[in-house]
Each structure stands twice: as structure tokens, then as C-alpha cells.
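Please read the structure below before turning to the comments.
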Amino acid sequence: MLERDIKEVLVTAEEIKEATKRLGAQLTKDYAGKEVVVVGILRGAALFMADIIREMDVYLEIDFMDVSSYGEAIVSSGEVKILKDLDTPAEGRHFLIVEDIIDTGRTLRYIVDLLKYRKAASVKVCTLLDKPERRLVKDLIPDYVGIQVPNEFVVGYGLDYKQKYRNLPYVGVLKPEIYQETTE
Ligand code: PRP
Ligand code: MN
Ligand code: MG
């Protein structure tokens, strides 16, 4: 059913699994001997979060943040608003932020800066997908990247179009008629 709306599979479930295992092995090395708070950014990162932490053989805690961006129109003022903050005090702790995708980089710029302001011991970023062509925050360079994707509208494995398609097990490109017929 959902598959009918997909033009092309960009990243297969197998490729997601491989990337997750590779990143998990690297993270296990890099955080050896440290305790880390892994922060999933709701809602898109939920699926990748669940998978990446099971590939990390380190003592970790999990927490979640939900933020909303104000969109293209408001660029210079407060771009991001916290809908759900961390429950974990940040001072002196190591944080790994987990995202499904980095696009403009605005969401992560805000969250990374916030954790640094709260005196986190370290803040690293791990994203499954990176869309570097769309980056507006040029100095936002993720520490861990699964797969680079071209500038296309992608859904699945956490990524939505109007809150749907997050449950696809792969990442695909939506047929243009799907978003043309519903955006007025
Ligand atoms: C998407 C995605 C990232 C963010 C990336 O989330 O999951 O969090 O946008 O965009 P940026 O790099 O331009 O800031 P969205 O705001 O759509 O919320 P969602 O995760 O609930 O879908
Ligand atoms: Mn998101
Ligand atoms: Mg979204």
C-alpha cells in the first residue's frame, strides 16, 4: 500500500543496517570508558535511535528532545522552539545527538549550542542521512554520518511527509503527484 506512493528506493533496509552497524562499531570505540547520554530528536530519529543504541556496547543513557522549526519565513529570529526538553542535566556530561537527517542544519545548530551553553562535557552528532546540498549552517559538520543523500524529498525509516510514511523500513523518494495533489 505505502509502497505505491514511492517512486524509487534510495537506501534499502539492508544498507541502513550496514551503516548502523558501522557507526555503532565506531561509537563503541570512541566512547569506550566514557558514559554517554544519547539524545534522539523526535520524531524522525525514533527508528534510527532504537537501532543505533543496540549497536553501541557502552554504558549509555537515553533521552529525547522535541523541537519545532519555524520554517523558511523566519530565518533571522528564533528559528527553533523546544516542545520537549531533556530530562537529563547537561553539565559535565557527554552527549551524542541522534538524527535521522540533516538538511539545513538549523535544528542541530540550535540543539548543539544549547547543550554547550549548559556546559556539556562534549556534544557529538550522529545522523543516518546527510543532505549536504541543502546546508545553510555551513559549519554544522556531523561527527558520524551513515549515508549521504541527494537533494530529493525522502521519506521512510522515521522520515515523514505530513506525519506519514515513517514506518517504511527503507528510505525512498515520494512520487511527485503525492505531494502535488495535497499541497495547495
Ligand atoms: C526533520 C528531521 C530533522 C530536521 C532536519 O525534522 O527529522 O530533525 O527536520 O532539518 P534541518 O537540518 O533543516 O533543521 P522535522 O522538523 O520535520 O520533525 P520530525 O522529526 O518530527 O519529522
Ligand atoms: Mn526531526
Ligand atoms: Mg518532519
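In the C-alpha cells, the first chain shown is A, the next is B, and so on; residue numbers restart at 1 for each chain, and ligands run from 1 in the order shown.
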Could you list, with a cut-off of 12 Å and counting only C-alpha atoms, the residues of stretch 122-156 of chain A near stretch 6-24 of chain A, each shown with its nearest atom pair and the distance in Å rounded to one decimal, rows sorted by chain and ascending number, as CSV?
```
residue,atom,partner,partner_atom,distance
A:Val125,CA,A:Leu23,CA,11.6
A:Cys126,CA,A:Leu23,CA,8.4
A:Thr127,CA,A:Leu23,CA,9.6
A:Leu128,CA,A:Thr20,CA,7.7
A:Leu129,CA,A:Val11,CA,9.6
A:Asp143,CA,A:Leu23,CA,10.3
A:Tyr144,CA,A:Leu23,CA,6.9
A:Val145,CA,A:Leu23,CA,7.7
A:Gly146,CA,A:Ala19,CA,5.2
A:Ile147,CA,A:Ala19,CA,7.2
A:Gln148,CA,A:Val11,CA,9.9
A:Val149,CA,A:Leu10,CA,7.9
A:Pro150,CA,A:Leu10,CA,9.3
A:Asn151,CA,A:Leu10,CA,11.5
A:Glu152,CA,A:Leu10,CA,9.7
A:Phe153,CA,A:Leu10,CA,10.6
A:Val154,CA,A:Leu10,CA,8.1
A:Val155,CA,A:Ile6,CA,8.7
A:Gly156,CA,A:Val11,CA,9.5
```
List all protein, DNA and RNA residues that have at least one atom no more than 10 Å from any atom of ligand 1, counting only C-alpha atoms and all ligand atoms, and write them as a PDB file with C-alpha atoms, in the first residue's frame.
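The resulting pocket-v9.pdb:
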```
ATOM      1  CA  GLY A  40      17.049  11.220  19.997  1.00  0.00           C
ATOM      2  CA  ILE A  41      15.377  14.165  18.278  1.00  0.00           C
ATOM      3  CA  LEU A  42      11.668  13.460  17.974  1.00  0.00           C
ATOM      4  CA  ARG A  43      10.054  12.286  15.964  1.00  0.00           C
ATOM      5  CA  GLY A  44      12.134  11.422  12.930  1.00  0.00           C
ATOM      6  CA  ALA A  45      15.075   9.948  14.815  1.00  0.00           C
ATOM      7  CA  ALA A  46      12.969   7.415  16.746  1.00  0.00           C
ATOM      8  CA  ASP A  66      11.357  17.563  20.576  1.00  0.00           C
ATOM      9  CA  VAL A  67      11.805  20.834  18.765  1.00  0.00           C
ATOM     10  CA  SER A  68       9.848  22.608  16.082  1.00  0.00           C
ATOM     11  CA  SER A  69      11.330  24.861  13.471  1.00  0.00           C
ATOM     12  CA  TYR A  70       9.500  27.932  12.287  1.00  0.00           C
ATOM     13  CA  GLY A  71      10.277  27.289   8.649  1.00  0.00           C
ATOM     14  CA  GLU A  72      11.852  29.332   5.903  1.00  0.00           C
ATOM     15  CA  GLU A  79      14.191  29.592  14.450  1.00  0.00           C
ATOM     16  CA  VAL A  80      13.636  26.701  16.787  1.00  0.00           C
ATOM     17  CA  VAL A  98      20.994  11.228  17.070  1.00  0.00           C
ATOM     18  CA  GLU A  99      19.163  12.471  13.991  1.00  0.00           C
ATOM     19  CA  ASP A 100      17.508  10.817  11.027  1.00  0.00           C
ATOM     20  CA  ILE A 101      18.604  13.530   8.598  1.00  0.00           C
ATOM     21  CA  ILE A 102      20.435  16.841   8.475  1.00  0.00           C
ATOM     22  CA  ASP A 103      19.063  19.247   5.949  1.00  0.00           C
ATOM     23  CA  THR A 104      19.680  22.974   6.515  1.00  0.00           C
ATOM     24  CA  GLY A 105      21.407  22.198   9.818  1.00  0.00           C
ATOM     25  CA  ARG A 106      19.273  24.672  11.788  1.00  0.00           C
ATOM     26  CA  THR A 107      17.726  22.105  14.141  1.00  0.00           C
ATOM     27  CA  LEU A 108      21.106  20.758  15.163  1.00  0.00           C
ATOM     28  CA  ARG A 109      22.799  24.136  15.364  1.00  0.00           C
ATOM     29  CA  TYR A 110      20.258  25.121  17.985  1.00  0.00           C
ATOM     30  CA  THR A 127      22.948  11.236  11.676  1.00  0.00           C
ATOM     31  CA  LEU A 129      21.301  10.618   6.462  1.00  0.00           C
ATOM     32  CA  ASP A 130      23.023  13.803   5.398  1.00  0.00           C
ATOM     33  CA  LYS A 131      21.797  16.105   2.652  1.00  0.00           C
ATOM     34  CA  PRO A 132      24.797  18.459   2.349  1.00  0.00           C
ATOM     35  CA  ARG A 134      20.753  21.865   1.431  1.00  0.00           C
ATOM     36  CA  ARG A 135      23.014  23.039   4.237  1.00  0.00           C
ATOM     37  CA  LEU A 136      22.571  26.641   5.343  1.00  0.00           C
ATOM     38  CA  VAL A 137      24.528  26.334   8.580  1.00  0.00           C
ATOM     39  CA  LEU A 140      27.440  22.231  11.146  1.00  0.00           C
ATOM     40  CA  VAL A 155      10.544   9.506   3.394  1.00  0.00           C
ATOM     41  CA  GLY A 158      11.500   7.773  10.524  1.00  0.00           C
ATOM     42  CA  LEU A 159      11.214  10.455   7.861  1.00  0.00           C
ATOM     43  CA  ASP A 160       7.722  11.725   7.149  1.00  0.00           C
ATOM     44  CA  TYR A 161       5.614  13.533   4.678  1.00  0.00           C
ATOM     45  CA  LYS A 162       2.764  15.132   6.675  1.00  0.00           C
ATOM     46  CA  GLN A 163       3.499  12.692   9.519  1.00  0.00           C
ATOM     47  CA  LYS A 164       3.019   9.610   7.304  1.00  0.00           C
ATOM     48  CA  ARG A 166       7.715   6.987   8.903  1.00  0.00           C
TER      49      ARG A 166
END
```
Would you please give, as a short mmCIF file (atom, residue, chain, number, x, y, z; two decimals) with C-alpha atoms, in the first residue's frame, all residues of stretch 6-135 of chain A that DSSP assigns to strand (DSSP E) based on the backbone?
```
data_model
loop_
_atom_site.label_atom_id
_atom_site.label_comp_id
_atom_site.auth_asym_id
_atom_site.auth_seq_id
_atom_site.Cartn_x
_atom_site.Cartn_y
_atom_site.Cartn_z
CA ILE A 6 7.22 5.55 -3.66
CA LYS A 7 8.99 6.42 -6.90
CA GLU A 8 12.36 4.95 -6.01
CA VAL A 9 14.10 3.31 -3.07
CA LEU A 10 17.18 5.39 -2.21
CA VAL A 11 18.52 3.47 0.77
CA VAL A 36 27.25 8.97 27.23
CA VAL A 37 23.73 10.37 27.07
CA VAL A 38 22.27 9.53 23.67
CA VAL A 39 19.62 12.05 22.65
CA GLY A 40 17.05 11.22 20.00
CA ILE A 41 15.38 14.17 18.28
CA LEU A 42 11.67 13.46 17.97
CA LEU A 60 24.73 4.86 27.96
CA GLU A 61 21.54 6.61 28.94
CA ILE A 62 18.85 7.70 26.54
CA ASP A 63 16.85 10.88 26.46
CA PHE A 64 14.71 12.68 23.91
CA MET A 65 14.12 16.21 22.74
CA ASP A 66 11.36 17.56 20.58
CA VAL A 67 11.81 20.83 18.77
CA SER A 68 9.85 22.61 16.08
CA SER A 69 11.33 24.86 13.47
CA VAL A 80 13.64 26.70 16.79
CA LYS A 81 11.31 26.21 19.73
CA ILE A 82 11.62 23.50 22.38
CA LEU A 83 8.49 21.35 22.64
CA LYS A 84 10.07 18.79 24.96
CA HIS A 94 28.95 13.62 27.25
CA PHE A 95 26.12 13.90 24.73
CA LEU A 96 25.56 12.15 21.44
CA ILE A 97 22.70 13.63 19.43
CA VAL A 98 20.99 11.23 17.07
CA GLU A 99 19.16 12.47 13.99
CA ASP A 100 17.51 10.82 11.03
CA ILE A 101 18.60 13.53 8.60
CA ILE A 102 20.44 16.84 8.48
CA SER A 122 31.14 17.10 24.90
CA VAL A 123 28.50 17.21 22.19
CA LYS A 124 28.70 15.00 19.11
CA VAL A 125 26.23 14.45 16.31
CA CYS A 126 25.31 11.18 14.63
CA THR A 127 22.95 11.24 11.68
CA LEU A 128 21.78 8.40 9.50
CA LEU A 129 21.30 10.62 6.46
CA ASP A 130 23.02 13.80 5.40
#
```
Problem - Members of stretch 23-131 of chain A assigned helix (DSSP H, G or I) by DSSP, as a count of residues only - result: 28
Problem - Neighbour list for A:Asp5 as JSON, numbers by chain, cut-off 9 Å, only C-alpha atoms, skip fewer than 5 positions in-chain - result: {"A": [173, 174, 175, 176, 177, 178]}
